[in-house]
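Colleague: One structure follows; several queries about it will come next.
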Amino acid sequence: MTDTVVCNKVTKIYNQGGTSISALKDIDLCIEKAELVSISGPSGSGKSTLLNMMGGLDRPTSGEVYIAGQRIDLLSNAERAHLRLHKIGFIFQAYNLIPVLTAKENVEFIMQLQQIDAVERSKRSLEILETVGLAGKENRFPGKLSGGQQQRVAIARAIVSSPNIILADEPTANLDSKTAQDILEIMVKMNSERQVTFVFSTHDKLVMSYAKRLIKLHDGSIAFDEEQNR
């Protein structure tokens, strides 16, 4: 069960203006350690909601969510925050960078919360920014970076501390094809060498081509789930 992500009969219902909307319907899913998984489907199919459940950012209306054998949907907000800090990396479509921090400071932020010493934080952040093609831009604030550059900072921040699991919501959005391919190669290397589990929510066929397992959602249910040979 090491770092396995399990969803057991996960259902999520939102109430909007008195109307109940089922975002997820009885999702049964097991993702093993070191898998590289793509979750696709049309807008509104439940991709982002499912990622939020796996990462403990939201709780299901019913059902159970486990990480490494621990049921996370029953944890307190503080306990789930601790789990995310030490085990899960997030790449958000909206970047979620801190505007008053430089690129380097944004990348260092999680490591600072993890109480990694300043010298090591600085070393790692500069190395990962160079890896994602942002060498020389480490002191720029998010407002002075293009959308694609902000996305690269967000990716660097998610992977710099080598979490056990990385959940990525449209990780190649706003990236040109060459940069997207370079970033995906970095993730594949982390997956292979460090046994990091990756779960992508994506519309991008390039991302899907790198995944080892393809899952498709339709109207909140799993319509397709298959391994693919790479």
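The chains in the structure tokens are called A, B, ... from first to last as shown; in each chain the residues are counted from 1, and the ligands are counted from 1 in the order shown.
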Contacts of A:Phe200 at 7 Å or less, counting only C-alpha atoms, minus same-chain residues fewer than 2 places along, as a list in words?

Modeller: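 Within the cut-off, the hits are Val37, Ser38, Ile39, Leu167, Ala168, Asp169, Glu170, Phe198 and Thr202 of chain A.
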
Colleague: Counting only C-alpha atoms, what is within 12 Å of A:Asn191, bar same-chain residues fewer than 6 positions away, as a list in words?

Modeller: Lys33, Ala34, Glu35, Leu36, Val37, Ile159, Ser162, Pro163, Asn164, Ile165, Ile166, Leu184, Glu185, Thr197, Phe198, Val199, Tyr210, Ala211 and Lys212 of chain A

Colleague: Write the selection just made, keeping C-alpha atoms, as a short mmCIF file (atom, residue, chain, number, x, y, z; two decimals), in the first residue's frame?

Modeller:
```
data_model
loop_
_atom_site.label_atom_id
_atom_site.label_comp_id
_atom_site.auth_asym_id
_atom_site.auth_seq_id
_atom_site.Cartn_x
_atom_site.Cartn_y
_atom_site.Cartn_z
CA LYS A 33 3.28 3.81 -6.49
CA ALA A 34 5.33 5.04 -9.48
CA GLU A 35 2.43 4.96 -11.94
CA LEU A 36 2.23 7.68 -14.61
CA VAL A 37 -1.48 8.28 -15.16
CA ILE A 159 8.77 18.89 -8.17
CA SER A 162 10.54 15.31 -4.75
CA PRO A 163 7.13 14.52 -3.22
CA ASN A 164 5.80 10.97 -3.32
CA ILE A 165 2.85 11.95 -5.51
CA ILE A 166 2.41 14.82 -7.95
CA LEU A 184 7.30 15.91 -19.53
CA GLU A 185 10.74 14.34 -20.00
CA THR A 197 3.73 8.87 -8.84
CA PHE A 198 2.24 11.30 -11.38
CA VAL A 199 -1.46 11.87 -12.05
CA TYR A 210 3.73 10.05 -22.15
CA ALA A 211 1.37 8.39 -19.67
CA LYS A 212 1.59 4.69 -18.94
#
```

Colleague: Which parts of stretch 72-212 of chain A does DSSP call strand (DSSP E or B) when run on the backbone here, written out as a list in words?

Modeller: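 Here are the strand (DSSP E or B) residues of stretch 72-212 of chain A: Ile88, Gly89, Phe90, Ile91, Ile165, Ile166, Leu167, Ala168, Asp169, Thr197, Phe198, Val199, Phe200 and Ser201 of chain A.
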
Colleague: Just C-alpha atoms for this one: save the residues we selected as a PDB file, in the first residue's frame.

Modeller:
```
ATOM      1  CA  ILE A  88       1.934  15.599  -2.413  1.00  0.00           C
ATOM      2  CA  GLY A  89       3.034  18.107  -5.040  1.00  0.00           C
ATOM      3  CA  PHE A  90       0.429  20.134  -6.935  1.00  0.00           C
ATOM      4  CA  ILE A  91       0.597  21.788 -10.341  1.00  0.00           C
ATOM      5  CA  ILE A 165       2.846  11.946  -5.512  1.00  0.00           C
ATOM      6  CA  ILE A 166       2.407  14.816  -7.955  1.00  0.00           C
ATOM      7  CA  LEU A 167      -1.093  15.838  -9.060  1.00  0.00           C
ATOM      8  CA  ALA A 168      -1.043  18.035 -12.144  1.00  0.00           C
ATOM      9  CA  ASP A 169      -4.077  19.877 -13.519  1.00  0.00           C
ATOM     10  CA  THR A 197       3.733   8.866  -8.843  1.00  0.00           C
ATOM     11  CA  PHE A 198       2.240  11.302 -11.385  1.00  0.00           C
ATOM     12  CA  VAL A 199      -1.458  11.873 -12.047  1.00  0.00           C
ATOM     13  CA  PHE A 200      -2.267  14.318 -14.837  1.00  0.00           C
ATOM     14  CA  SER A 201      -5.630  15.870 -15.598  1.00  0.00           C
TER      15      SER A 201
END
```

Colleague: Would you tabulate, counting only C-alpha atoms, all residues of stretch 58-130 of chain A that have an atom at most 12 Å from an atom of stretch 8-16 of chain A, showing the closest pair of atoms and their distance in Å to one decimal, sorted by chain then ascending number, as a tab-separated table?

Modeller:
```
residue	atom	partner	partner_atom	distance
A:Asp58	CA	A:Lys12	CA	9.4
A:Arg59	CA	A:Lys12	CA	7.9
A:Pro60	CA	A:Lys12	CA	5.0
A:Thr61	CA	A:Lys12	CA	4.8
A:Ser62	CA	A:Thr11	CA	5.3
A:Gly63	CA	A:Val10	CA	4.2
A:Glu64	CA	A:Asn8	CA	5.0
A:Val65	CA	A:Asn8	CA	6.4
A:Tyr66	CA	A:Asn8	CA	8.4
A:Ile67	CA	A:Asn8	CA	11.7
A:Arg71	CA	A:Asn8	CA	10.4
A:Ile72	CA	A:Asn8	CA	11.9
A:Asp73	CA	A:Val10	CA	10.4
```

Colleague: Write the selection just made, keeping N, CA and C atoms, as a compact mmCIF listing (two decimals), in the first residue's frame?

Modeller:
```txt
# COMPACT_ATOMS: atom_id res chain seq x y z
N ASP A 58 -10.39 18.65 -1.17
CA ASP A 58 -11.85 18.64 -0.99
C ASP A 58 -12.23 17.27 -0.44
N ARG A 59 -13.40 17.19 0.13
CA ARG A 59 -13.89 15.92 0.68
C ARG A 59 -15.04 15.40 -0.18
N PRO A 60 -15.14 14.09 -0.34
CA PRO A 60 -16.27 13.55 -1.09
C PRO A 60 -17.58 13.68 -0.31
N THR A 61 -18.66 13.73 -1.04
CA THR A 61 -19.98 13.70 -0.40
C THR A 61 -20.21 12.34 0.24
N SER A 62 -19.74 11.31 -0.44
CA SER A 62 -19.75 9.95 0.10
C SER A 62 -18.58 9.18 -0.51
N GLY A 63 -18.21 8.07 0.12
CA GLY A 63 -17.07 7.29 -0.34
C GLY A 63 -15.83 7.55 0.50
N GLU A 64 -14.74 6.91 0.12
CA GLU A 64 -13.50 6.95 0.89
C GLU A 64 -12.30 7.21 -0.01
N VAL A 65 -11.33 7.96 0.52
CA VAL A 65 -10.09 8.24 -0.21
C VAL A 65 -8.91 7.87 0.70
N TYR A 66 -8.00 7.06 0.17
CA TYR A 66 -6.85 6.60 0.94
C TYR A 66 -5.54 6.98 0.24
N ILE A 67 -4.54 7.35 1.02
CA ILE A 67 -3.16 7.48 0.52
C ILE A 67 -2.28 6.65 1.45
N ARG A 71 -6.82 6.77 5.50
CA ARG A 71 -8.03 7.38 4.96
C ARG A 71 -7.97 8.89 5.18
N ILE A 72 -7.81 9.63 4.09
CA ILE A 72 -7.54 11.06 4.22
C ILE A 72 -8.80 11.92 4.28
N ASP A 73 -9.93 11.40 3.80
CA ASP A 73 -11.14 12.23 3.83
C ASP A 73 -11.68 12.42 5.24
```

Colleague: Smallest atom-to-atom distance to A:Lys137: which of A:Lys104, A:Arg121, A:His82, A:Lys189, using only C-alpha atoms?

Modeller: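 So, comparing all the options, the nearest one is A:Lys104.
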
Colleague: Please return, as a VMD selection string, all residues of stretch 30-107 of chain A that DSSP assigns to alpha helix (DSSP H) on the basis of the backbone.

Modeller: chain A and resid 47 to 54 77 to 87 103 to 107

Colleague: Next, write the just-selected residues to a file, as a short mmCIF file (atom, residue, chain, number, x, y, z; two decimals), in the first residue's frame, keeping N, CA and C atoms as the atom set.

Modeller:
```cif
data_model
loop_
_atom_site.label_atom_id
_atom_site.label_comp_id
_atom_site.auth_asym_id
_atom_site.auth_seq_id
_atom_site.Cartn_x
_atom_site.Cartn_y
_atom_site.Cartn_z
N LYS A 47 -12.65 15.81 -13.92
CA LYS A 47 -11.20 15.60 -13.81
C LYS A 47 -10.59 16.37 -12.64
N SER A 48 -10.82 17.66 -12.60
CA SER A 48 -10.23 18.48 -11.54
C SER A 48 -10.80 18.11 -10.18
N THR A 49 -12.07 17.79 -10.13
CA THR A 49 -12.70 17.38 -8.87
C THR A 49 -12.04 16.11 -8.34
N LEU A 50 -11.76 15.17 -9.23
CA LEU A 50 -11.13 13.92 -8.82
C LEU A 50 -9.72 14.18 -8.28
N LEU A 51 -8.97 15.05 -8.94
CA LEU A 51 -7.64 15.40 -8.44
C LEU A 51 -7.72 16.05 -7.05
N ASN A 52 -8.71 16.90 -6.86
CA ASN A 52 -8.89 17.55 -5.56
C ASN A 52 -9.20 16.54 -4.46
N MET A 53 -9.93 15.49 -4.81
CA MET A 53 -10.22 14.44 -3.83
C MET A 53 -8.94 13.69 -3.47
N MET A 54 -8.15 13.34 -4.50
CA MET A 54 -6.91 12.59 -4.27
C MET A 54 -5.92 13.39 -3.43
N ASN A 77 -8.55 19.39 8.81
CA ASN A 77 -7.92 20.28 7.84
C ASN A 77 -6.42 20.39 8.07
N ALA A 78 -6.02 20.47 9.35
CA ALA A 78 -4.59 20.58 9.68
C ALA A 78 -3.85 19.31 9.29
N GLU A 79 -4.45 18.16 9.53
CA GLU A 79 -3.81 16.88 9.19
C GLU A 79 -3.68 16.72 7.68
N ARG A 80 -4.69 17.14 6.95
CA ARG A 80 -4.60 17.05 5.48
C ARG A 80 -3.56 18.03 4.94
N ALA A 81 -3.45 19.21 5.55
CA ALA A 81 -2.44 20.18 5.13
C ALA A 81 -1.03 19.61 5.36
N HIS A 82 -0.83 18.93 6.48
CA HIS A 82 0.46 18.31 6.77
C HIS A 82 0.79 17.22 5.75
N LEU A 83 -0.21 16.43 5.41
CA LEU A 83 -0.04 15.38 4.40
C LEU A 83 0.37 15.98 3.06
N ARG A 84 -0.32 17.04 2.65
CA ARG A 84 0.00 17.68 1.37
C ARG A 84 1.40 18.26 1.39
N LEU A 85 1.80 18.85 2.50
CA LEU A 85 3.11 19.48 2.60
C LEU A 85 4.23 18.47 2.39
N HIS A 86 4.07 17.28 2.92
CA HIS A 86 5.18 16.32 2.95
C HIS A 86 5.07 15.21 1.91
N LYS A 87 3.91 15.00 1.33
CA LYS A 87 3.76 13.85 0.43
C LYS A 87 3.28 14.19 -0.98
N ALA A 103 10.41 34.35 -8.48
CA ALA A 103 10.34 32.97 -8.97
C ALA A 103 11.08 32.03 -8.03
N LYS A 104 12.28 32.41 -7.65
CA LYS A 104 13.10 31.58 -6.76
C LYS A 104 12.42 31.43 -5.40
N GLU A 105 11.88 32.50 -4.87
CA GLU A 105 11.22 32.43 -3.57
C GLU A 105 9.96 31.58 -3.62
N ASN A 106 9.24 31.65 -4.75
CA ASN A 106 8.07 30.79 -4.91
C ASN A 106 8.47 29.32 -4.89
N VAL A 107 9.56 28.98 -5.58
CA VAL A 107 10.03 27.60 -5.63
C VAL A 107 10.49 27.15 -4.24
#
```

Colleague: To one decimal in Å, tell me the separation between atom CA of A:Thr172 and atom CA of A:Glu120.

Modeller: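 Straight-line distance from atom CA of A:Thr172 to atom CA of A:Glu120 works out to 27.9 Å.
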
Colleague: Work out how far apart atom CA of A:Leu97 and atom CA of A:Ala23 are and give it in Å to one decimal.

Modeller: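 Rounded to one decimal, the two atoms are 26.7 Å apart.
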
Colleague: Please report the interatomic distance between atom CA of A:Ser45 and atom CA of A:Glu227 in Å with one decimal.

Modeller: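 Atom-to-atom, atom CA of A:Ser45 to atom CA of A:Glu227, that is 20.6 Å.
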
Colleague: Quick one: everything within 7 Å of A:Met111, counting only C-alpha atoms, minus sequence neighbours fewer than 4 positions away in the same chain. Send it as a PyMOL selection string.

Modeller: chain A and resi 115-116+121+161

Colleague: Kindly export the residues of the current selection with C-alpha atoms, as a CSV table (one decimal), in the first residue's frame.

Modeller:
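Printed below is again-v3.csv as written:
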```csv
chain,number,residue,atom,x,y,z
A,115,GLN,CA,12.2,23.5,7.3
A,116,ILE,CA,14.9,22.7,4.8
A,121,ARG,CA,16.8,25.5,-0.6
A,161,SER,CA,11.2,18.7,-3.0
```

Colleague: Which residues are close to A:Ala135, i.e. within 12 Å by only C-alpha atoms, leaving aside same-chain residues fewer than 5 positions away? Reply as a PyMOL selection string.

Modeller: chain A and resi 103-104+125-130+140+149+152-153+156

Colleague: Find the residues around stretch 141-147 of chain A up to 8 Å (only C-alpha atoms counted), leave out those fewer than 4 positions away in its own chain, and share them as a ChimeraX atom specification.

Modeller: /A:97-103,151,174

Colleague: A:Cys30, A:Leu24, A:Val188, A:Val6: which is nearest A:His218, counting only C-alpha atoms?

Modeller: A:Leu24
